Amino acid sequence: MQAGCNLVIGLGPVGAIVAFRLKAAGERVFAVERNVERAMAVRKSGILLTDETGSRTEVLDGVFDTPSDAVASGHFDCVFVCVKANDLPSLRADLGVLGASGATVTSLQNGLGIEDLLLSSVGADRFIRGVVNFAGQMENPGCVRVTFFQPPNRLGGLVPAAEGRARAVAELLTRVGLQSEVPADIGLYVWHKIVHLAILAPVCAVTRMNMRTVLSHKELRHLSQGLLSECIEVGSRLGYDCGNGFFEMSMRYVLEAGDHPPSMLVDMLRGRPTEVSYINGKVVEAAARLGVDVPLNRTICALVQAMETGRPHSQRP
């Protein structure tokens, strides 16, 4: 099989894992990374990935500063957008070059409303929405440790014309070891992922605890269950029939994540903006439109947002 040419935008944990797996499988892989220290580390030494099988390094074919620089260098078959949701607005204008290139653009962000930020730059027939069920931790620039993988990942187009591209991307990711599938309704799985993040990530961010530790505390576990109940109510009003057993499945999903520190906690500890506005904030916005009261989601969202903006700079790690 002829190797494809792929571009990964953002070499945080998700992007680094995707880039590593593609390269390890024989694909050509380039990246865009705006963090100078991380970009320099990957240019010099490649990506070091550690998982249950050990540690290995893959050297990428090139690392660019911007998507425009990357596209100017040649054609890409697939583009994976792996930056945080809050970084998308600053990238949106630059991403327009991808829409003109004809590449399949796959968004691997967490959060609701991602499509609103990307579709103006990327045509709907080439845009794929992804939901990843793996995560990692960056221990040093260019070094990622896989902390959990609960396959499959899900991918889907927003229009029928994108279905073939979604299946091609799912087949590519499955071939490189990131099992993926194309469900009938990607929107349902986007909502599932939002719920799984909303019920625990902000609690970890506020308490500075990892997922297992939070759930080991009786009252914090009750808080997570309350957040989940509110999300299920909002989801049902939005038309996402999660089915019987979704409550239990969601709690099992977060329990199986174990000692994983969610990215919202890592961002909080490092003094970076979190994605809470795209997660619990979107739940709160939807609830307000629907006339549903979600006091727990509203409160936890406000707490995280206040901690982001109110902590003195001198206290940041």
# chains A, B, ... in the order shown; residues from 1 in each chain; ligands from 1
$ residues_around --residues "A:Ala201" --least-positions-apart "3" --cutoff "8 Å" --atoms "only C-alpha atoms" --output "ChimeraX atom specification"
/A:197-198,204-205,211,262-265
$ closest_residue --among "A:Lys23, A:Arg289, A:Lys44, A:His260" --to "A:Gly142" --atoms "only C-alpha atoms"
A:Lys44
$ closest_atom_pairs --of "stretch 20-107 of chain A" --to "stretch 145-148 of chain A" --cutoff "9 Å" --atoms "only C-alpha atoms" --output "JSON lines"
{"residue": "A:Leu48", "atom": "CA", "partner": "A:Arg145", "partner_atom": "CA", "distance": 8.4}
{"residue": "A:Leu49", "atom": "CA", "partner": "A:Arg145", "partner_atom": "CA", "distance": 5.8}
{"residue": "A:Thr50", "atom": "CA", "partner": "A:Arg145", "partner_atom": "CA", "distance": 4.6}
{"residue": "A:Asp51", "atom": "CA", "partner": "A:Val146", "partner_atom": "CA", "distance": 5.2}
{"residue": "A:Glu52", "atom": "CA", "partner": "A:Val146", "partner_atom": "CA", "distance": 8.1}
{"residue": "A:Ser55", "atom": "CA", "partner": "A:Arg145", "partner_atom": "CA", "distance": 8.7}
$ write_last_selection --atoms "C-alpha atoms" --output "CSV table (one decimal), in the first residue's frame"
chain,number,residue,atom,x,y,z
A,48,LEU,CA,9.2,9.5,22.2
A,49,LEU,CA,6.1,7.5,23.0
A,50,THR,CA,5.7,5.3,26.0
A,51,ASP,CA,2.9,2.8,26.4
A,52,GLU,CA,2.4,-0.7,27.9
A,55,SER,CA,9.2,3.3,24.8
$ atom_distance --atom1 "atom CA of A:Pro295" --atom2 "atom CA of A:Val254"
21.6 Å
$ residues_around --residues "stretch 26-29 of chain A" --least-positions-apart "4" --cutoff "7 Å" --atoms "only C-alpha atoms" --output "list of chain:residue names"
A:Ala3, A:Gly4, A:Cys5, A:Asn6, A:Leu7, A:Ala19, A:Leu22, A:Leu60, A:Asp61
$ residues_around --residues "A:Leu269" --least-positions-apart "3" --cutoff "12 Å" --atoms "only C-alpha atoms" --output "list in words"
Cys204, Ala205, Val206, Thr207, Arg208, Met209, Asn210, Pro261, Pro262, Ser263, Met264, Leu265, Val266, Arg272, Pro273, Thr274, Val304, Met307, Glu308, Arg311, Gln315, Arg316 and Pro317 of chain A
$ select_by_dssp --residues "stretch 64-255 of chain A" --states "helix (DSSP H, G or I)" --output "PyMOL selection string"
chain A and resi 67-73+85-101+114-118+124-126+160-175+186-198+201-207+211-216+218-238+246-255
$ closest_residue --among "A:Cys143, A:Met138, A:Ala184, A:Val81" --to "A:Leu158" --atoms "only C-alpha atoms"
A:Ala184
$ closest_residue --among "A:Ile9, A:Ile17, A:Ala41, A:Leu227" --to "A:Phe247" --atoms "only C-alpha atoms"
A:Leu227
$ residues_around --residues "A:Val214" --least-positions-apart "6" --cutoff "9 Å" --atoms "only C-alpha atoms" --output "list in words"
Leu200, Val203, Cys204, Thr207, Leu220, Arg221 and Ser224 of chain A
$ decode --residues "stretch 21-44 of chain A" --atoms "N, CA and C atoms" --output "compact mmCIF listing (two decimals), in the first residue's frame"
# COMPACT_ATOMS: atom_id res chain seq x y z
N ARG A 21 1.89 7.22 15.70
CA ARG A 21 1.30 5.98 15.15
C ARG A 21 1.34 5.98 13.62
N LEU A 22 1.04 7.14 13.02
CA LEU A 22 1.08 7.22 11.56
C LEU A 22 2.49 6.95 11.04
N LYS A 23 3.48 7.60 11.66
CA LYS A 23 4.86 7.44 11.20
C LYS A 23 5.36 6.02 11.42
N ALA A 24 5.01 5.43 12.56
CA ALA A 24 5.45 4.07 12.86
C ALA A 24 4.89 3.06 11.87
N ALA A 25 3.76 3.39 11.25
CA ALA A 25 3.13 2.50 10.28
C ALA A 25 3.61 2.74 8.85
N GLY A 26 4.56 3.67 8.68
CA GLY A 26 5.14 3.89 7.36
C GLY A 26 4.55 5.05 6.58
N GLU A 27 3.68 5.83 7.22
CA GLU A 27 3.12 7.00 6.56
C GLU A 27 4.13 8.16 6.57
N ARG A 28 4.00 9.07 5.62
CA ARG A 28 4.74 10.32 5.69
C ARG A 28 3.96 11.26 6.61
N VAL A 29 4.66 11.88 7.55
CA VAL A 29 3.99 12.68 8.57
C VAL A 29 4.75 13.99 8.79
N PHE A 30 4.01 15.08 8.62
CA PHE A 30 4.52 16.41 8.94
C PHE A 30 3.64 16.97 10.06
N ALA A 31 4.11 18.00 10.70
CA ALA A 31 3.36 18.59 11.81
C ALA A 31 3.48 20.09 11.80
N VAL A 32 2.49 20.73 12.44
CA VAL A 32 2.53 22.16 12.74
C VAL A 32 2.50 22.30 14.25
N GLU A 33 3.46 22.99 14.81
CA GLU A 33 3.52 23.18 16.26
C GLU A 33 3.99 24.60 16.54
N ARG A 34 3.14 25.39 17.21
CA ARG A 34 3.46 26.79 17.48
C ARG A 34 4.24 26.97 18.79
N ASN A 35 4.25 25.94 19.64
CA ASN A 35 5.05 26.02 20.86
C ASN A 35 6.51 25.81 20.47
N VAL A 36 7.33 26.85 20.66
CA VAL A 36 8.70 26.83 20.17
C VAL A 36 9.51 25.70 20.80
N GLU A 37 9.40 25.53 22.12
CA GLU A 37 10.17 24.50 22.80
C GLU A 37 9.80 23.11 22.32
N ARG A 38 8.50 22.87 22.16
CA ARG A 38 8.05 21.55 21.72
C ARG A 38 8.47 21.30 20.28
N ALA A 39 8.31 22.32 19.41
CA ALA A 39 8.69 22.16 18.01
C ALA A 39 10.18 21.86 17.89
N MET A 40 11.02 22.56 18.64
CA MET A 40 12.46 22.33 18.58
C MET A 40 12.81 20.92 19.04
N ALA A 41 12.14 20.44 20.09
CA ALA A 41 12.42 19.11 20.61
C ALA A 41 12.07 18.04 19.58
N VAL A 42 10.92 18.19 18.92
CA VAL A 42 10.50 17.19 17.93
C VAL A 42 11.37 17.25 16.69
N ARG A 43 11.75 18.46 16.27
CA ARG A 43 12.67 18.56 15.12
C ARG A 43 14.00 17.85 15.41
N LYS A 44 14.49 18.02 16.62
CA LYS A 44 15.81 17.49 16.98
C LYS A 44 15.78 15.99 17.23
